[in-house]
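**Q** Structure file start19.txt (compact mmCIF, C-alpha atoms and all ligand atoms) is given on the next line.
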```txt
# COMPACT_ATOMS: atom_id res chain seq x y z
CA MET A 10 45.44 -31.49 21.68
CA ASP A 11 42.75 -29.99 19.43
CA LYS A 12 44.00 -31.50 16.27
CA GLY A 13 46.11 -34.63 16.14
CA VAL A 14 49.59 -35.11 14.74
CA PHE A 15 50.20 -37.00 11.53
CA ILE A 16 53.52 -38.83 11.49
CA THR A 17 54.86 -40.88 8.61
CA PHE A 18 57.82 -43.25 8.39
CA GLU A 19 59.61 -43.64 5.10
CA GLY A 20 62.71 -45.36 3.79
CA GLY A 21 63.84 -48.43 1.92
CA GLU A 22 63.16 -52.05 2.70
CA GLY A 23 64.45 -53.25 6.04
CA SER A 24 65.38 -49.77 7.25
CA GLY A 25 63.49 -50.41 10.49
CA LYS A 26 60.24 -48.50 9.92
CA THR A 27 57.85 -51.05 11.40
CA THR A 28 60.12 -51.74 14.38
CA GLN A 29 60.50 -48.05 15.19
CA ILE A 30 56.81 -47.29 14.68
CA ASN A 31 55.94 -49.87 17.30
CA ARG A 32 58.48 -48.42 19.72
CA LEU A 33 57.34 -44.83 19.17
CA ALA A 34 53.68 -45.77 19.52
CA GLU A 35 54.42 -47.53 22.78
CA SER A 36 56.39 -44.60 24.22
CA LEU A 37 53.74 -42.06 23.25
CA THR A 38 50.92 -44.21 24.61
CA HIS A 39 52.89 -44.53 27.83
CA LYS A 40 53.04 -40.73 28.01
CA GLY A 41 49.25 -40.62 27.81
CA TYR A 42 48.74 -39.76 24.14
CA LYS A 43 46.07 -41.50 22.08
CA VAL A 44 47.93 -43.16 19.24
CA ILE A 45 46.93 -45.22 16.23
CA THR A 46 49.30 -46.97 13.87
CA THR A 47 48.48 -47.85 10.30
CA ARG A 48 50.27 -48.72 7.08
CA GLU A 49 50.36 -48.18 3.33
CA PRO A 50 49.44 -49.47 0.95
CA GLY A 51 46.50 -50.59 3.06
CA GLY A 52 44.78 -49.42 6.19
CA THR A 53 41.19 -50.10 5.05
CA PRO A 54 39.78 -53.45 3.82
CA GLU A 55 39.60 -52.10 0.25
CA ALA A 56 43.11 -50.66 0.35
CA GLU A 57 44.46 -53.92 1.79
CA LYS A 58 43.11 -55.65 -1.33
CA ILE A 59 45.03 -53.17 -3.48
CA ARG A 60 48.09 -53.85 -1.32
CA ASP A 61 48.02 -57.51 -2.34
CA PHE A 62 48.20 -56.55 -6.03
CA LEU A 63 51.12 -54.25 -5.43
CA VAL A 64 53.40 -55.96 -2.96
CA GLN A 65 52.90 -59.69 -3.35
CA ARG A 66 55.35 -61.61 -5.51
CA GLU A 67 52.66 -62.58 -8.03
CA GLY A 68 50.44 -59.53 -7.56
CA GLY A 69 50.70 -58.49 -11.19
CA ASP A 70 52.98 -56.83 -13.75
CA TRP A 71 51.75 -53.24 -13.28
CA SER A 72 53.07 -50.28 -15.23
CA PRO A 73 54.46 -47.49 -13.00
CA MET A 74 51.48 -45.23 -13.81
CA ALA A 75 48.97 -48.00 -13.04
CA GLU A 76 50.83 -48.64 -9.79
CA CYS A 77 50.66 -44.98 -8.97
CA LEU A 78 46.92 -44.79 -9.66
CA LEU A 79 46.27 -47.84 -7.49
CA LEU A 80 48.35 -46.34 -4.70
CA PHE A 81 46.44 -43.07 -4.73
CA ALA A 82 43.12 -44.93 -4.91
CA ALA A 83 44.10 -46.82 -1.77
CA ARG A 84 45.53 -43.69 -0.13
CA GLU A 85 42.45 -41.54 -0.75
CA MET A 86 40.27 -44.04 1.13
CA HIS A 87 42.83 -44.66 3.84
CA TYR A 88 43.26 -40.96 4.53
CA ASN A 89 39.59 -40.02 4.49
CA ARG A 90 38.24 -43.06 6.33
CA ILE A 91 40.97 -43.74 8.89
CA ILE A 92 43.63 -41.03 9.19
CA LYS A 93 41.59 -37.82 9.01
CA PRO A 94 38.87 -38.93 11.44
CA ALA A 95 41.57 -39.95 13.96
CA LEU A 96 43.35 -36.60 13.56
CA ASP A 97 40.04 -34.80 14.02
CA GLU A 98 39.67 -36.65 17.34
CA GLY A 99 43.06 -35.29 18.40
CA LYS A 100 44.94 -38.58 18.04
CA ILE A 101 48.51 -39.12 16.95
CA VAL A 102 48.48 -41.16 13.74
CA ILE A 103 51.66 -43.00 12.84
CA CYS A 104 51.64 -44.32 9.29
CA ASP A 105 54.10 -46.82 7.81
CA ARG A 106 54.78 -45.21 4.37
CA PHE A 107 52.69 -42.50 2.67
CA THR A 108 52.96 -40.27 -0.41
CA ASP A 109 56.77 -40.01 -0.22
CA SER A 110 56.99 -43.75 -0.93
CA THR A 111 55.09 -43.22 -4.19
CA ARG A 112 57.43 -40.34 -5.07
CA ALA A 113 60.44 -42.52 -4.29
CA TYR A 114 59.37 -45.91 -5.71
CA GLN A 115 57.34 -44.94 -8.77
CA GLY A 116 59.08 -41.58 -9.38
CA TYR A 117 62.75 -42.03 -8.58
CA GLY A 118 62.75 -45.85 -8.77
CA HIS A 119 60.59 -46.44 -11.84
CA ASP A 120 61.15 -43.08 -13.54
CA LEU A 121 57.54 -41.95 -13.52
CA ASP A 122 57.28 -38.17 -14.10
CA LEU A 123 57.39 -36.55 -10.64
CA ASN A 124 55.06 -33.77 -11.81
CA LYS A 125 52.41 -36.31 -12.75
CA ILE A 126 52.69 -37.85 -9.29
CA GLU A 127 52.16 -34.40 -7.73
CA GLN A 128 49.13 -33.79 -9.96
CA LEU A 129 47.56 -37.09 -8.92
CA LYS A 130 48.31 -36.29 -5.31
CA LEU A 131 46.59 -32.91 -5.61
CA ILE A 132 43.54 -34.46 -7.26
CA SER A 133 43.16 -37.23 -4.69
CA LEU A 134 44.41 -35.61 -1.46
CA GLY A 135 44.73 -31.86 -1.98
CA ASP A 136 47.50 -30.40 0.16
CA VAL A 137 47.60 -33.25 2.68
CA GLU A 138 51.09 -34.02 3.97
CA ALA A 139 52.34 -35.41 7.26
CA ASP A 140 53.30 -33.05 10.11
CA ILE A 141 56.49 -35.03 10.67
CA THR A 142 58.14 -37.50 8.31
CA TYR A 143 60.99 -39.70 9.46
CA ILE A 144 63.17 -40.91 6.64
CA LEU A 145 65.10 -43.92 7.83
CA ASP A 146 68.29 -43.93 5.79
CA ILE A 147 70.49 -46.98 5.43
CA ASP A 148 72.80 -48.55 2.88
CA CYS A 149 70.52 -50.52 0.53
CA LYS A 150 72.39 -53.80 0.86
CA GLU A 151 72.26 -53.63 4.64
CA GLY A 152 68.53 -52.88 4.57
CA LEU A 153 67.78 -55.66 2.10
CA ALA A 154 69.80 -58.14 4.17
CA ARG A 155 67.72 -57.24 7.24
CA SER A 156 64.54 -57.49 5.25
CA GLY A 157 65.55 -60.88 3.78
CA ARG A 158 66.18 -62.25 7.25
CA ARG A 159 62.78 -61.05 8.39
CA LEU A 160 60.94 -62.48 5.36
CA SER A 161 62.49 -65.89 5.82
CA ALA A 162 61.54 -65.80 9.50
CA THR A 163 57.84 -65.08 8.82
CA GLN A 164 57.31 -68.53 7.25
CA ILE A 165 54.78 -67.62 4.60
CA ASN A 166 54.00 -71.00 3.07
CA ASN A 167 52.43 -69.71 -0.12
CA GLU A 168 55.33 -68.37 -2.24
CA ALA A 169 52.99 -66.31 -4.45
CA GLN A 170 51.81 -64.30 -1.44
CA ARG A 171 55.24 -63.32 -0.16
CA GLU A 172 55.43 -59.53 0.10
CA ASP A 173 58.72 -59.21 -1.72
CA ARG A 174 57.82 -57.76 -5.13
CA PHE A 175 59.90 -54.64 -4.45
CA GLU A 176 62.67 -56.37 -2.49
CA ASN A 177 63.32 -58.47 -5.60
CA LEU A 178 64.17 -55.48 -7.85
CA ASP A 179 67.85 -54.88 -8.64
CA THR A 180 70.34 -52.93 -6.53
CA SER A 181 70.33 -49.85 -8.77
CA PHE A 182 66.58 -49.52 -8.20
CA HIS A 183 67.17 -49.50 -4.45
CA GLU A 184 70.01 -46.96 -4.84
CA ARG A 185 67.69 -44.62 -6.77
CA LEU A 186 65.10 -45.08 -4.07
CA ARG A 187 67.52 -44.09 -1.34
CA GLN A 188 68.63 -41.00 -3.28
CA GLY A 189 64.97 -40.18 -3.93
CA PHE A 190 64.12 -40.19 -0.25
CA LEU A 191 67.12 -37.95 0.47
CA ASP A 192 66.03 -35.51 -2.27
CA ILE A 193 62.49 -35.46 -0.90
CA ALA A 194 63.90 -34.63 2.54
CA LYS A 195 66.04 -31.85 1.11
CA ASN A 196 63.02 -30.33 -0.60
CA ALA A 197 60.84 -30.44 2.53
CA PRO A 198 63.24 -29.76 5.41
CA GLN A 199 60.52 -28.53 7.80
CA ARG A 200 58.61 -31.79 7.54
CA CYS A 201 61.28 -34.43 6.90
CA HIS A 202 63.91 -35.68 9.31
CA VAL A 203 66.58 -38.02 7.98
CA ILE A 204 67.57 -40.60 10.59
CA ASP A 205 70.72 -42.70 10.42
CA ALA A 206 69.07 -46.13 10.47
CA SER A 207 72.35 -48.06 10.49
CA GLN A 208 72.72 -47.29 14.20
CA PRO A 209 71.69 -49.77 16.89
CA LEU A 210 67.93 -49.98 17.44
CA ASP A 211 67.96 -48.01 20.71
CA ASP A 212 69.93 -45.11 19.19
CA VAL A 213 67.57 -44.87 16.22
CA GLU A 214 64.66 -44.89 18.65
CA GLN A 215 66.20 -42.10 20.70
CA ASP A 216 66.82 -39.86 17.67
CA ILE A 217 63.21 -40.31 16.64
CA PHE A 218 61.81 -39.68 20.10
CA GLU A 219 63.82 -36.47 20.63
CA ILE A 220 62.41 -34.95 17.46
CA MET A 221 58.93 -36.03 18.52
CA LEU A 222 59.25 -34.42 21.94
CA THR A 223 60.37 -31.15 20.39
CA LYS A 224 57.35 -31.23 18.12
CA LEU A 225 54.98 -31.99 20.99
CA GLY A 226 56.53 -29.21 23.02
CA GLY A 227 58.32 -31.33 25.62
N1 LIG B 1 68.76 -50.59 13.89
C1 LIG B 1 68.65 -51.90 13.65
N2 LIG B 1 69.69 -52.72 13.87
C2 LIG B 1 69.59 -54.04 13.62
N3 LIG B 1 68.50 -54.67 13.15
C3 LIG B 1 67.42 -53.92 12.90
C4 LIG B 1 67.44 -52.50 13.12
N4 LIG B 1 66.24 -52.00 12.78
C5 LIG B 1 65.51 -53.06 12.36
N5 LIG B 1 66.20 -54.21 12.44
C6 LIG B 1 65.75 -55.55 12.04
O1 LIG B 1 65.66 -55.54 10.62
C7 LIG B 1 64.49 -56.24 10.19
C8 LIG B 1 63.64 -55.30 9.35
O2 LIG B 1 63.11 -54.26 10.21
P1 LIG B 1 61.66 -53.69 9.93
O3 LIG B 1 60.72 -54.78 9.56
O4 LIG B 1 61.32 -52.82 11.09
O5 LIG B 1 61.98 -52.78 8.65
P2 LIG B 1 60.97 -52.10 7.64
O6 LIG B 1 61.60 -50.81 7.28
O7 LIG B 1 59.61 -52.07 8.23
O8 LIG B 1 61.01 -53.08 6.41
P3 LIG B 1 59.96 -53.21 5.16
O9 LIG B 1 60.12 -52.01 4.30
O10 LIG B 1 60.42 -54.43 4.47
O11 LIG B 1 58.60 -53.33 5.80
C9 LIG B 1 63.79 -56.74 11.45
O12 LIG B 1 64.16 -58.09 11.64
C10 LIG B 1 64.34 -55.86 12.54
O13 LIG B 1 64.37 -56.51 13.79
MG MG B 2 57.76 -52.78 7.54
```
Take the structure in this file and express it as structure tokens.
**A**
Amino acid sequence: MDKGVFITFEGGEGSGKTTQINRLAESLTHKGYKVITTREPGGTPEAEKIRDFLVQREGGDWSPMAECLLLFAAREMHYNRIIKPALDEGKIVICDRFTDSTRAYQGYGHDLDLNKIEQLKLISLGDVEADITYILDIDCKEGLARSGRRLSATQINNEAQREDRFENLDTSFHERLRQGFLDIAKNAPQRCHVIDASQPLDDVEQDIFEIMLTKLGG
């Protein structure tokens, strides 16, 4: 492969992104591809610091625009320092959330003007988008229940550092988010694939892998 493939996973809390990313990375590695996995916000030491502000319970009371600016600051470094160099080496990069999450959370969820988000995206990243985006779609309550079970299982002793700032927002926020992701998919049908994430893990994995194989040409 001359140039790598940039894959992003999107969707609400507990939809199974991290689980499926690990499975896809393993299958592709097994097939002989060079794969890296990374996540947003984060991916570089600087961007991981920004992540703490944004996702931890006591990370701060940011306005949607400030959140958006922090996200693109983190994303610009993550893309240019980690993702692009890996793609240039022909690797498959699988990223847990990317620009669509900003569109969905700050735009649809927090009502930030979608045009302003696109302007900031153009300034910081130009026309960069993933080659394939999987949107894992699930009923919000089901996703949040999964996510709650996982958070309580990770035993983070320091309450202030729990990564549940967004999980703790009300149900209508999560409904808007879900609708936002579906709208994004409708507007970019070549790139985005909506996956029914309420299915058993193995079925979700299979749907994802089939699309991937088509993209890689078998
Ligand atoms: N299809 C599925 N069926 C049942 N349980 C699942 C399924 N997918 C994921 N889970 C479980 O739900 C929990 C959340 O999954 P995961 O962490 O992969 O979601 P996520 O989308 O990465 O969440 P977050 O947005 O909070 O990071 C995990 O405990 C995982 O094992
Ligand atoms: Mg996750």
**Q** Contacts between ligand MG 2 (chain B) and chain A, please, where a residue of chain A counts if it comes within 10 Å (with only C-alpha atoms and all ligand atoms); show its shortest atom pair and distance in Å to one decimal, rows by chain and ascending number, as a tab-separated table.
**A**
```
residue	atom	partner	partner_atom	distance
A:Phe18	CA	B:MG2	MG	9.6
A:Glu19	CA	B:MG2	MG	9.6
A:Gly20	CA	B:MG2	MG	9.7
A:Gly21	CA	B:MG2	MG	9.4
A:Glu22	CA	B:MG2	MG	7.3
A:Gly23	CA	B:MG2	MG	6.9
A:Ser24	CA	B:MG2	MG	8.2
A:Gly25	CA	B:MG2	MG	6.9
A:Lys26	CA	B:MG2	MG	5.5
A:Thr27	CA	B:MG2	MG	4.2
A:Thr28	CA	B:MG2	MG	7.3
A:Gln29	CA	B:MG2	MG	9.4
A:Ile30	CA	B:MG2	MG	9.1
A:Arg48	CA	B:MG2	MG	8.5
A:Glu49	CA	B:MG2	MG	9.7
A:Asp105	CA	B:MG2	MG	7.0
A:Arg106	CA	B:MG2	MG	8.7
A:Ser156	CA	B:MG2	MG	8.6
A:Arg159	CA	B:MG2	MG	9.7
```
**Q** First collect every listed atom of ligand LIG 1 (chain B); then fit an axis-aligned box around them, widen it by 8 Å on each side, and give centre and edge lengths in Å to one decimal, as lines of an AutoDock Vina configuration file.
**A**
```
center_x = 64.1
center_y = -54.3
center_z = 9.1
size_x = 27.1
size_y = 23.5
size_z = 25.6
```
**Q** Just want the 10 Å neighbourhood of A:Leu37, counted on only C-alpha atoms, with same-chain residues fewer than 5 positions away dropped. Output as a PyMOL selection string.
**A** chain A and resi 32+42-44+101+218+221-222
**Q** Counting all atoms listed in the file, which residue out of A:Thr53, A:Gln208, A:Ser72, A:Gln128 sits closest to A:Leu145?
**A** A:Gln208
**Q** So that I can check the surroundings of stretch 198-204 of chain A, please list as a PyMOL selection string every protein, DNA and RNA residue that reaches within 8 Å of it, counting only C-alpha atoms and ignoring chain neighbours fewer than 4 positions away.
**A** chain A and resi 139-146+191+193-194+213+216-217
**Q** For atom CA of A:Asp61 and atom CA of A:Arg171, quote the distance in Å rounded to one decimal.
**A**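 Atom CA of A:Arg171 lies 9.5 Å from atom CA of A:Asp61.
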**Q** Suppose you want the space between atom CA of A:Leu78 and atom CA of A:Gly118; what is it in Å?
**A** 15.9 Å
**Q** Might you pull out every residue within 9 Å of stretch 85-92 of chain A, with only C-alpha atoms counted and same-chain residues fewer than 6 positions away left off, and present them as a VMD selection string?
**A** chain A and resid 15 45 47 49 to 53 55 to 56 102 104 133 to 134
**Q** Would you save the residues from that selection as a PDB file, in the coordinates of the input, using C-alpha atoms?
**A**
```
ATOM      1  CA  PHE A  15      50.200 -37.000  11.530  1.00  0.00           C
ATOM      2  CA  ILE A  45      46.930 -45.220  16.230  1.00  0.00           C
ATOM      3  CA  THR A  47      48.480 -47.850  10.300  1.00  0.00           C
ATOM      4  CA  GLU A  49      50.360 -48.180   3.330  1.00  0.00           C
ATOM      5  CA  PRO A  50      49.440 -49.470   0.950  1.00  0.00           C
ATOM      6  CA  GLY A  51      46.500 -50.590   3.060  1.00  0.00           C
ATOM      7  CA  GLY A  52      44.780 -49.420   6.190  1.00  0.00           C
ATOM      8  CA  THR A  53      41.190 -50.100   5.050  1.00  0.00           C
ATOM      9  CA  GLU A  55      39.600 -52.100   0.250  1.00  0.00           C
ATOM     10  CA  ALA A  56      43.110 -50.660   0.350  1.00  0.00           C
ATOM     11  CA  VAL A 102      48.480 -41.160  13.740  1.00  0.00           C
ATOM     12  CA  CYS A 104      51.640 -44.320   9.290  1.00  0.00           C
ATOM     13  CA  SER A 133      43.160 -37.230  -4.690  1.00  0.00           C
ATOM     14  CA  LEU A 134      44.410 -35.610  -1.460  1.00  0.00           C
TER      15      LEU A 134
END
```
**Q** As an exercise, work out the distance from atom CA of A:Ile16 to atom CA of A:Ile103 in Å and give it to one decimal place.
**A** 4.8 Å
**Q** Rank nothing, just name the residue among A:Arg174, A:Arg112, A:His119, A:Lys58 nearest to A:Asp192, using all atoms listed in the file.
**A**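 Counting all atoms listed in the file, the residue closest to A:Asp192 is A:Arg112.
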**Q** With a distance cut-off of 10 Å and all atoms listed in the file, select the neighbouring residues of A:Asp173, excluding the residue or stretch itself and same-chain residues fewer than 5 positions from it, and output the selection as a PDB file with C-alpha atoms, keeping the file's coordinate frame.
**A**
```
ATOM      1  CA  GLU A  22      63.160 -52.050   2.700  1.00  0.00           C
ATOM      2  CA  LEU A  63      51.120 -54.250  -5.430  1.00  0.00           C
ATOM      3  CA  VAL A  64      53.400 -55.960  -2.960  1.00  0.00           C
ATOM      4  CA  GLN A  65      52.900 -59.690  -3.350  1.00  0.00           C
ATOM      5  CA  ARG A  66      55.350 -61.610  -5.510  1.00  0.00           C
ATOM      6  CA  GLU A  67      52.660 -62.580  -8.030  1.00  0.00           C
ATOM      7  CA  SER A 156      64.540 -57.490   5.250  1.00  0.00           C
ATOM      8  CA  GLY A 157      65.550 -60.880   3.780  1.00  0.00           C
ATOM      9  CA  LEU A 160      60.940 -62.480   5.360  1.00  0.00           C
ATOM     10  CA  GLU A 168      55.330 -68.370  -2.240  1.00  0.00           C
ATOM     11  CA  LEU A 178      64.170 -55.480  -7.850  1.00  0.00           C
TER      12      LEU A 178
END
```
**Q** At a cut-off of 8 Å, using all atoms listed in the file, what residues contact A:Gln115? Leave out same-chain residues fewer than 3 positions from it and give the result as a ChimeraX atom specification.
**A** /A:73-74,76-77,110-112,118-121
**Q** For those residues, write C-alpha atoms to a file as a PDB file, in the coordinates of the input.
**A**
```pdb
ATOM      1  CA  PRO A  73      54.460 -47.490 -13.000  1.00  0.00           C
ATOM      2  CA  MET A  74      51.480 -45.230 -13.810  1.00  0.00           C
ATOM      3  CA  GLU A  76      50.830 -48.640  -9.790  1.00  0.00           C
ATOM      4  CA  CYS A  77      50.660 -44.980  -8.970  1.00  0.00           C
ATOM      5  CA  SER A 110      56.990 -43.750  -0.930  1.00  0.00           C
ATOM      6  CA  THR A 111      55.090 -43.220  -4.190  1.00  0.00           C
ATOM      7  CA  ARG A 112      57.430 -40.340  -5.070  1.00  0.00           C
ATOM      8  CA  GLY A 118      62.750 -45.850  -8.770  1.00  0.00           C
ATOM      9  CA  HIS A 119      60.590 -46.440 -11.840  1.00  0.00           C
ATOM     10  CA  ASP A 120      61.150 -43.080 -13.540  1.00  0.00           C
ATOM     11  CA  LEU A 121      57.540 -41.950 -13.520  1.00  0.00           C
TER      12      LEU A 121
END
```
**Q** Under the rule that only C-alpha atoms are counted, which of A:Thr108, A:Gln215, A:Asn196, A:Ser181 is the nearest residue to A:Glu127?
**A**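 Selected residue with least distance to A:Glu127: A:Thr108.
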**Q** For ligand LIG 1 (chain B), which residue among A:Phe175, A:Phe81, A:Phe182, A:Trp71 is the nearest when counting only C-alpha atoms and all ligand atoms?
**A**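 Of all the options, A:Phe175 lies closest to ligand LIG 1 (chain B).
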**Q** Have a look at A:Leu186, A:Cys149, A:Ala34, A:Ala197 and name the one nearest to A:Ala113; count only C-alpha atoms.
**A**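 Looking at the shortest contact to A:Ala113, the residue is A:Leu186.
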**Q** Which one of A:Pro209, A:Gly99, A:Gly69, A:Pro94 sits closest to ligand LIG 1 (chain B) if you count only C-alpha atoms and all ligand atoms?
**A**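 Going through A:Pro209, A:Gly99, A:Gly69, A:Pro94 one by one, the smallest distance to ligand LIG 1 (chain B) is for A:Pro209.
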